[in-house]
$ cat data_22.cif   # mmCIF, C-alpha atoms
data_protein
loop_
_atom_site.label_atom_id
_atom_site.label_comp_id
_atom_site.auth_asym_id
_atom_site.auth_seq_id
_atom_site.Cartn_x
_atom_site.Cartn_y
_atom_site.Cartn_z
CA MET O 1 0.00 0.00 0.00
CA LEU O 2 2.78 2.45 0.90
CA ILE O 3 4.80 1.68 -2.23
CA ALA O 4 1.73 1.76 -4.49
CA GLY O 5 0.70 5.11 -3.03
CA ILE O 6 4.15 6.65 -3.49
CA VAL O 7 4.36 5.37 -7.07
CA SER O 8 0.96 6.90 -7.84
CA ILE O 9 1.98 10.27 -6.38
CA THR O 10 5.35 10.43 -8.10
CA ARG O 11 3.92 9.36 -11.47
CA ASP O 12 1.32 12.10 -11.18
CA ASN O 13 4.03 14.61 -10.29
CA CYS O 14 6.42 13.93 -13.21
CA ASN O 15 4.19 12.11 -15.75
CA LEU O 16 6.79 9.36 -16.08
CA ASP O 17 6.65 5.65 -15.30
CA PRO O 18 8.98 4.56 -12.49
CA LEU O 19 12.22 2.81 -13.38
CA ARG O 20 12.68 1.09 -10.04
CA ILE O 21 12.12 1.53 -6.31
CA TYR O 22 15.13 0.99 -4.06
CA TRP O 23 14.33 -0.09 -0.50
CA TYR O 24 17.24 0.24 1.94
CA ASP O 25 17.59 -1.62 5.21
CA ALA O 26 20.02 -3.76 7.21
CA SER O 27 20.04 -7.33 8.46
CA ARG O 28 22.32 -9.77 10.20
CA ASP O 29 25.16 -10.62 7.80
CA GLY O 30 23.24 -8.83 5.02
CA VAL O 31 20.88 -11.80 4.58
CA LEU O 32 17.28 -11.24 3.45
CA SER O 33 14.76 -11.72 6.25
CA ASP O 34 11.25 -13.02 5.57
CA TRP O 35 9.96 -9.43 5.43
CA HIS O 36 12.73 -8.41 3.06
CA LYS O 37 11.85 -11.32 0.78
CA LYS O 38 8.21 -10.24 0.67
CA ILE O 39 9.21 -6.67 -0.18
CA SER O 40 11.65 -7.79 -2.88
CA LEU O 41 8.90 -9.79 -4.61
CA LEU O 42 6.87 -6.61 -5.18
CA ASP O 43 6.89 -5.28 -8.73
CA ASP O 44 9.77 -2.93 -9.58
CA VAL O 45 11.21 -3.05 -6.04
CA LYS O 46 14.84 -3.81 -5.29
CA VAL O 47 15.92 -4.40 -1.69
CA ARG O 48 19.42 -3.17 -0.85
CA LEU O 49 20.81 -4.44 2.44
CA GLY O 50 23.60 -3.39 4.71
CA ARG O 51 24.66 -5.29 7.81
CA ILE O 52 23.77 -5.02 11.47
CA GLY O 53 26.90 -4.89 13.60
CA VAL O 54 27.52 -6.59 16.94
CA ASN O 55 26.42 -3.42 18.73
CA GLY O 56 23.12 -3.31 16.84
CA GLN O 57 24.09 -0.42 14.57
CA GLN O 58 23.50 -0.50 10.83
CA LYS O 59 26.61 -0.75 8.68
CA GLY O 60 26.88 0.17 5.00
CA VAL O 61 23.31 1.44 4.70
CA ASP O 62 23.99 5.18 4.56
CA LEU O 63 26.39 4.87 1.62
CA ARG O 64 24.24 2.72 -0.65
CA PRO O 65 21.48 5.25 -1.52
CA GLY O 66 24.06 7.83 -2.51
CA LEU O 67 26.01 5.41 -4.70
CA ASP O 68 22.84 4.19 -6.43
CA LEU O 69 21.60 7.74 -6.97
CA VAL O 70 24.83 8.84 -8.65
CA GLU O 71 25.12 5.65 -10.71
CA VAL O 72 21.58 5.97 -12.09
CA ALA O 73 22.23 9.62 -12.90
CA ARG O 74 25.55 8.78 -14.58
CA ASN O 75 23.93 6.08 -16.72
CA GLY O 76 21.07 8.38 -17.71
CA SER O 77 18.59 5.68 -16.67
CA ALA O 78 16.20 8.18 -15.06
CA LYS O 79 15.47 11.89 -15.34
CA VAL O 80 13.97 12.40 -11.88
CA ALA O 81 14.80 10.72 -8.57
CA TYR O 82 12.42 10.79 -5.61
CA LEU O 83 14.22 10.50 -2.30
CA LEU O 84 12.39 9.47 0.87
CA SER O 85 15.00 10.23 3.51
CA GLY O 86 16.16 13.12 5.65
CA ASP O 87 19.73 11.89 6.11
CA ASP O 88 22.38 14.60 5.97
CA ASP O 89 24.86 12.10 4.47
CA LEU O 90 22.92 12.08 1.18
CA ALA O 91 23.46 15.78 0.52
CA GLU O 92 26.68 15.29 -1.42
CA ALA O 93 25.20 12.51 -3.56
CA VAL O 94 22.23 14.73 -4.38
CA GLU O 95 24.56 17.45 -5.65
CA ALA O 96 26.57 14.93 -7.69
CA ALA O 97 23.40 13.57 -9.32
CA GLN O 98 22.25 17.10 -10.12
CA ASP O 99 25.60 17.87 -11.75
CA LEU O 100 24.97 14.87 -14.01
CA GLY O 101 21.63 16.30 -15.12
CA MET O 102 19.21 14.54 -12.79
CA LYS O 103 16.43 16.34 -10.95
CA VAL O 104 16.13 15.23 -7.31
CA VAL O 105 12.85 15.61 -5.43
CA LEU O 106 12.60 15.00 -1.70
CA LEU O 107 9.52 13.20 -0.38
CA ALA O 108 8.67 14.37 3.12
CA LEU O 109 6.10 14.26 5.89
CA GLU O 110 4.39 17.45 6.96
CA ASP O 111 5.17 18.94 10.37
CA LYS O 112 3.95 22.53 10.72
CA ASN O 113 5.70 22.88 14.08
CA ARG O 114 9.14 22.68 12.48
CA TYR O 115 11.04 25.46 10.75
CA LEU O 116 10.95 23.83 7.31
CA GLY O 117 7.40 22.57 7.76
CA ILE O 118 8.54 18.96 7.30
CA LYS O 119 9.54 16.18 9.66
CA SER O 120 13.02 14.75 10.28
CA VAL O 121 14.91 16.27 7.34
CA ALA O 122 18.39 17.77 7.64
CA GLU O 123 18.13 21.45 6.79
CA HIS O 124 20.91 21.66 4.22
CA LEU O 125 19.63 18.50 2.51
CA ALA O 126 16.39 20.42 2.02
CA TYR O 127 18.41 23.28 0.49
CA LYS O 128 20.08 20.95 -2.00
CA VAL O 129 17.14 19.11 -3.56
CA ASP O 130 15.25 20.63 -6.49
CA ARG O 131 11.84 20.27 -4.90
CA ILE O 132 10.18 19.04 -1.73
CA LEU O 133 6.99 17.03 -2.16
CA VAL O 134 4.92 16.59 0.99
CA LEU O 135 3.10 13.27 1.04
CA PRO O 136 -0.67 13.34 1.71
CA GLN O 137 -1.72 12.51 5.26
CA GLU O 138 -4.18 9.95 3.87
CA LEU O 139 -1.32 7.78 2.64
CA ILE O 140 0.42 7.78 6.01
CA PHE O 141 -2.72 7.10 8.05
CA SER O 142 -3.79 4.29 5.73
CA THR O 143 -0.40 2.58 5.98
CA PHE O 144 0.71 3.01 9.59
CA THR O 145 -1.13 2.50 12.85
CA PRO O 146 -0.27 4.93 15.68
CA ALA O 147 1.29 3.26 18.70
CA THR O 148 -0.90 3.13 21.80
CA ARG O 149 0.09 2.81 25.44
CA ALA O 150 -0.78 -0.50 27.01
CA VAL O 151 -2.77 -0.19 30.24
CA VAL O 152 -1.78 -2.70 32.91
CA PRO O 153 -4.86 -4.06 34.71
CA GLY O 154 -5.12 -2.58 38.18
CA SER O 155 -2.81 0.29 37.38
CA GLU O 156 -5.60 2.81 36.78
CA THR O 157 -5.82 5.50 39.45
CA VAL O 158 -8.68 7.77 40.44
CA SER O 159 -8.19 11.05 42.22
CA GLU O 160 -9.87 11.17 45.63
CA SER O 161 -10.85 14.77 45.03
CA ASP O 162 -12.69 13.79 41.86
CA PRO O 163 -14.56 10.55 42.58
CA GLN O 164 -16.01 8.69 39.63
CA PRO O 165 -19.50 7.19 39.81
CA ALA O 166 -19.75 3.44 39.70
CA THR O 167 -21.13 1.98 36.50
CA THR O 168 -23.57 -0.89 36.22
CA PRO O 169 -23.43 -3.02 33.10
CA SER O 170 -26.74 -3.11 31.31
CA PRO O 171 -28.16 -6.47 30.30
CA GLY O 172 -28.16 -7.58 26.70
CA PRO O 173 -25.63 -7.06 23.94
CA GLY O 174 -23.74 -3.83 23.75
CA PRO O 175 -23.70 -1.53 20.76
CA GLY O 176 -22.20 -2.95 17.61
CA PRO O 177 -18.95 -1.70 16.11
CA GLY O 178 -19.01 1.60 14.27
CA PRO O 179 -18.68 1.81 10.52
CA THR O 180 -15.37 0.62 9.14
CA PRO O 181 -13.53 3.40 7.33
CA ALA O 182 -13.04 2.81 3.63
CA ALA O 183 -9.59 1.62 2.62
CA VAL O 184 -7.47 4.21 0.87
CA THR O 185 -6.41 3.05 -2.58
CA PRO O 186 -3.79 4.42 -4.99
CA ALA O 187 -6.65 5.59 -7.23
CA MET O 188 -8.05 7.67 -4.37
CA LEU O 189 -4.60 9.08 -3.65
CA ALA O 190 -4.24 10.18 -7.25
CA GLY O 191 -6.83 12.83 -6.52
CA LYS O 192 -4.92 14.01 -3.45
CA LYS O 193 -2.30 16.33 -4.83
CA ALA O 194 0.95 16.27 -2.90
CA THR O 195 2.07 19.66 -1.67
CA LEU O 196 5.18 21.29 -3.10
CA ILE O 197 7.17 23.59 -0.85
CA THR O 198 10.19 25.74 -1.62
CA VAL O 199 13.14 26.38 0.69
CA ASN O 200 15.29 29.35 -0.26
CA GLU O 201 18.85 29.85 0.92
CA PRO O 202 19.56 33.06 2.84
CA ASP O 203 21.61 35.82 1.24
CA ALA O 204 25.36 35.62 1.85
CA ASP O 205 28.65 37.09 0.64
CA LEU O 206 29.48 34.11 -1.57
CA PRO O 207 32.84 35.28 -3.02
CA GLU O 208 34.28 35.66 0.48
CA LEU O 209 32.82 32.34 1.63
CA PHE O 210 34.14 30.60 -1.49
CA ALA O 211 37.64 31.91 -0.82
CA VAL O 212 37.63 30.44 2.68
CA ALA O 213 36.18 27.16 1.40
CA GLU O 214 39.01 26.92 -1.14
CA GLU O 215 41.62 27.37 1.59
CA VAL O 216 40.02 24.75 3.82
CA ALA O 217 39.60 22.22 1.00
CA GLU O 218 43.12 22.63 -0.34
CA HIS O 219 44.69 22.31 3.12
CA LEU O 220 42.76 19.13 3.95
CA ALA O 221 43.28 17.58 0.51
CA ARG O 222 47.06 18.06 0.66
CA ASN O 223 47.34 16.66 4.19
CA TRP O 224 45.12 13.71 3.38
CA HIS O 225 46.96 12.89 0.16
CA GLN O 226 50.37 13.00 1.88
CA THR O 227 49.36 10.80 4.82
CA THR O 228 47.15 8.23 3.08
CA PRO O 229 48.42 4.99 1.47
CA LEU O 230 48.19 4.94 -2.32
CA ALA O 231 45.78 1.98 -2.32
CA GLU O 232 43.35 3.87 -0.09
CA VAL O 233 43.62 6.97 -2.27
CA GLN O 234 42.77 4.88 -5.33
CA SER O 235 39.80 3.37 -3.53
CA VAL O 236 38.43 6.83 -2.72
CA LEU O 237 38.96 7.98 -6.30
CA GLU O 238 36.92 5.05 -7.58
CA ASP O 239 33.86 6.32 -5.68
CA ARG O 240 34.28 9.87 -6.95
CA PRO O 241 32.40 12.24 -6.70
CA ILE O 242 31.19 10.79 -3.38
CA LEU O 243 33.57 11.52 -0.51
CA PRO O 244 33.97 9.12 2.40
CA ALA O 245 31.92 10.27 5.38
CA GLU O 246 34.98 10.96 7.54
CA ILE O 247 36.57 13.22 4.92
CA ASP O 248 33.33 15.03 4.20
CA SER O 249 32.59 15.62 7.89
CA THR O 250 36.13 16.93 8.43
CA LEU O 251 35.73 19.32 5.50
CA LEU O 252 32.45 20.65 6.87
CA ARG O 253 33.76 20.89 10.44
CA ASP O 254 36.91 22.76 9.40
CA CYS O 255 34.93 25.10 7.20
CA ALA O 256 32.38 25.77 9.94
CA ALA O 257 35.24 26.66 12.31
CA ARG O 258 36.19 29.44 9.88
CA ILE O 259 32.86 30.82 8.65
CA GLY O 260 30.29 29.34 11.04
CA GLU O 261 27.75 26.53 10.66
CA THR O 262 25.04 28.70 9.09
CA ASP O 263 27.17 29.74 6.09
CA THR O 264 28.69 26.26 5.80
CA ASP O 265 25.16 24.86 5.46
CA LEU O 266 24.63 26.84 2.26
CA GLN O 267 24.34 24.48 -0.70
CA SER O 268 26.60 26.59 -2.91
CA VAL O 269 29.32 26.72 -0.24
CA ARG O 270 29.28 22.97 0.40
CA LYS O 271 29.31 22.25 -3.32
CA HIS O 272 32.29 24.58 -3.84
CA LEU O 273 34.07 23.08 -0.83
CA ARG O 274 33.87 19.55 -2.19
CA LYS O 275 34.75 20.63 -5.72
CA CYS O 276 37.90 22.35 -4.46
CA PHE O 277 38.89 19.22 -2.56
CA TRP O 278 38.72 17.13 -5.75
CA ASP O 279 40.43 19.84 -7.79
CA THR O 280 43.35 19.81 -5.36
CA ILE O 281 43.56 16.02 -5.46
CA ASP O 282 43.69 16.21 -9.27
CA THR O 283 46.72 18.47 -9.09
CA LEU O 284 48.48 16.03 -6.75
CA ALA O 285 47.68 12.85 -8.67
#
$ encode --input "data_22.cif" --output "structure tokens"
Amino acid sequence: MLIAGIVSITRDNCNLDPLRIYWYDASRDGVLSDWHKKISLLDDVKVRLGRIGVNGQQKGVDLRPGLDLVEVARNGSAKVAYLLSGDDDLAEAVEAAQDLGMKVVLLALEDKNRYLGIKSVAEHLAYKVDRILVLPQELIFSTFTPATRAVVPGSETVSESDPQPATTPSPGPGPGPGPTPAAVTPAMLAGKKATLITVNEPDADLPELFAVAEEVAEHLARNWHQTTPLAEVQSVLEDRPILPAEIDSTLLRDCAARIGETDTDLQSVRKHLRKCFWDTIDTLA
């Protein structure tokens, strides 16, 4: 139901048939569980698994969506990618896919109490995507059941200052169940237009910020290239333009120490920062 609903909404948004749906998760030793097998049998769905480490953390899951996104963009297999994630680690892959000519649209859940109006999305990821498409509430409510608190028998308490009258059960059968709400179908969702929202970057003195970004990127690239074994350098180059998470986070942290987190979060600054890193590596290769 969730997948069918998302496919209906995205097809209506771009007027294109979907190439494939990638479903990312993790499992012990990267082996398909029964649920993963059921999902993988759905039409046009490919399950991509990472591993669950000994401490219960997912391993290799964050990198896979970015690699797939860039590879599909590089092959020209799709014109538009719809991304259902708020992970900050995908920001660089989004930019790389855009540089290759792909349009990237973020699928999100509405949350009017948050600054961006959407739930659980990294702010600068929102700045990087081409559009943000808010999924209809009907799709979410028809797919997921809200968690309820279990009441332990005998644990109910009644305030002595507000006594409750005793109730006497009436004889005979009680009232029947209320009407069952109609199931939401993809056809019904087609009439529910998803909401598009726009997030604009604040004004900034970009030439000055770019100059600092160039200094930071060149310094880190030279140090990394001098202290890293050749085999590891080659491995990183093979995944270009995606930077390893530790290098990317160091770039962003060093840049933020110079110009602040707000300006470092600007899409244009981050894009220039990473470009300068690769440009410096090219001069050293």
$ residues_around --input "data_22.cif" --residues "O:Val216" --least-positions-apart "4" --cutoff "7 Å" --atoms "all atoms listed in the file" --output "short mmCIF file (atom, residue, chain, number, x, y, z; two decimals) with C-alpha atoms, in the frame of the given file"
data_model
loop_
_atom_site.label_atom_id
_atom_site.label_comp_id
_atom_site.auth_asym_id
_atom_site.auth_seq_id
_atom_site.Cartn_x
_atom_site.Cartn_y
_atom_site.Cartn_z
CA VAL O 212 37.63 30.44 2.68
CA LEU O 220 42.76 19.13 3.95
CA ASP O 254 36.91 22.76 9.40
CA CYS O 255 34.93 25.10 7.20
#
$ resolve_selection --input "data_22.cif" --expression "the PyMOL selection byres ((chain O and resi 82-86) around 6)" --output "mmCIF file with C-alpha atoms, in the coordinates of the input"
data_model
loop_
_atom_site.group_PDB
_atom_site.id
_atom_site.type_symbol
_atom_site.label_atom_id
_atom_site.label_comp_id
_atom_site.auth_asym_id
_atom_site.auth_seq_id
_atom_site.Cartn_x
_atom_site.Cartn_y
_atom_site.Cartn_z
ATOM 1 C CA ALA O 81 14.800 10.720 -8.570
ATOM 2 C CA ASP O 87 19.730 11.890 6.110
ATOM 3 C CA VAL O 105 12.850 15.610 -5.430
ATOM 4 C CA LEU O 106 12.600 15.000 -1.700
ATOM 5 C CA LEU O 107 9.520 13.200 -0.380
ATOM 6 C CA SER O 120 13.020 14.750 10.280
ATOM 7 C CA VAL O 121 14.910 16.270 7.340
ATOM 8 C CA ALA O 122 18.390 17.770 7.640
#
$ closest_residue --input "data_22.cif" --among "O:Val80, O:Leu90, O:Cys276, O:Leu251" --to "O:Thr10" --atoms "all atoms listed in the file"
O:Val80
$ resolve_selection --input "data_22.cif" --expression "the PyMOL selection byres ((chain O and resi 210) around 10)" --output "PyMOL selection string"
chain O and resi 205-209+211-216+268-273+276
$ closest_atom_pairs --input "data_22.cif" --of "stretch 35-119 of chain O" --to "stretch 128-143 of chain O" --cutoff "7 Å" --atoms "all atoms listed in the file" --output "JSON lines"
{"residue": "O:Ala91", "atom": "CA", "partner": "O:Lys128", "partner_atom": "CA", "distance": 6.7}
{"residue": "O:Val94", "atom": "CA", "partner": "O:Val129", "partner_atom": "CA", "distance": 6.8}
{"residue": "O:Glu95", "atom": "CA", "partner": "O:Lys128", "partner_atom": "CA", "distance": 6.8}
{"residue": "O:Lys103", "atom": "CA", "partner": "O:Asp130", "partner_atom": "CA", "distance": 6.3}
{"residue": "O:Val104", "atom": "CA", "partner": "O:Val129", "partner_atom": "CA", "distance": 5.5}
{"residue": "O:Val105", "atom": "CA", "partner": "O:Arg131", "partner_atom": "CA", "distance": 4.8}
{"residue": "O:Leu106", "atom": "CA", "partner": "O:Ile132", "partner_atom": "CA", "distance": 4.7}
{"residue": "O:Leu107", "atom": "CA", "partner": "O:Leu133", "partner_atom": "CA", "distance": 4.9}
{"residue": "O:Ala108", "atom": "CA", "partner": "O:Val134", "partner_atom": "CA", "distance": 4.9}
{"residue": "O:Leu109", "atom": "CA", "partner": "O:Val134", "partner_atom": "CA", "distance": 5.6}
{"residue": "O:Glu110", "atom": "CA", "partner": "O:Val134", "partner_atom": "CA", "distance": 6.1}
$ closest_residue --input "data_22.cif" --among "O:Ile6, O:Asp88, O:Val70, O:Ile259" --to "O:Glu123" --atoms "all atoms listed in the file"
O:Asp88
$ atom_distance --input "data_22.cif" --atom1 "atom CA of O:Tyr22" --atom2 "atom CA of O:Ala96"
18.4 Å
$ atom_distance --input "data_22.cif" --atom1 "atom CA of O:Gly5" --atom2 "atom CA of O:Trp23"
14.8 Å
$ closest_residue --input "data_22.cif" --among "O:Asp89, O:Val236, O:Asp111, O:Ala285" --to "O:Leu252" --atoms "all atoms listed in the file"
O:Asp89
$ atom_distance --input "data_22.cif" --atom1 "atom CA of O:Leu63" --atom2 "atom CA of O:Leu237"
15.2 Å
$ resolve_selection --input "data_22.cif" --expression "the PyMOL selection byres ((chain O and resi 37-41) around 12)" --output "PyMOL selection string"
chain O and resi 1-3+20-25+27+31-36+42-49
$ closest_residue --input "data_22.cif" --among "O:Gln98, O:Ser8, O:Asn223, O:Ser77" --to "O:Thr250" --atoms "only C-alpha atoms"
O:Asn223
$ closest_residue --input "data_22.cif" --among "O:Leu125, O:Asn15, O:Asn75, O:Lys119" --to "O:Gly101" --atoms "all atoms listed in the file"
O:Asn75
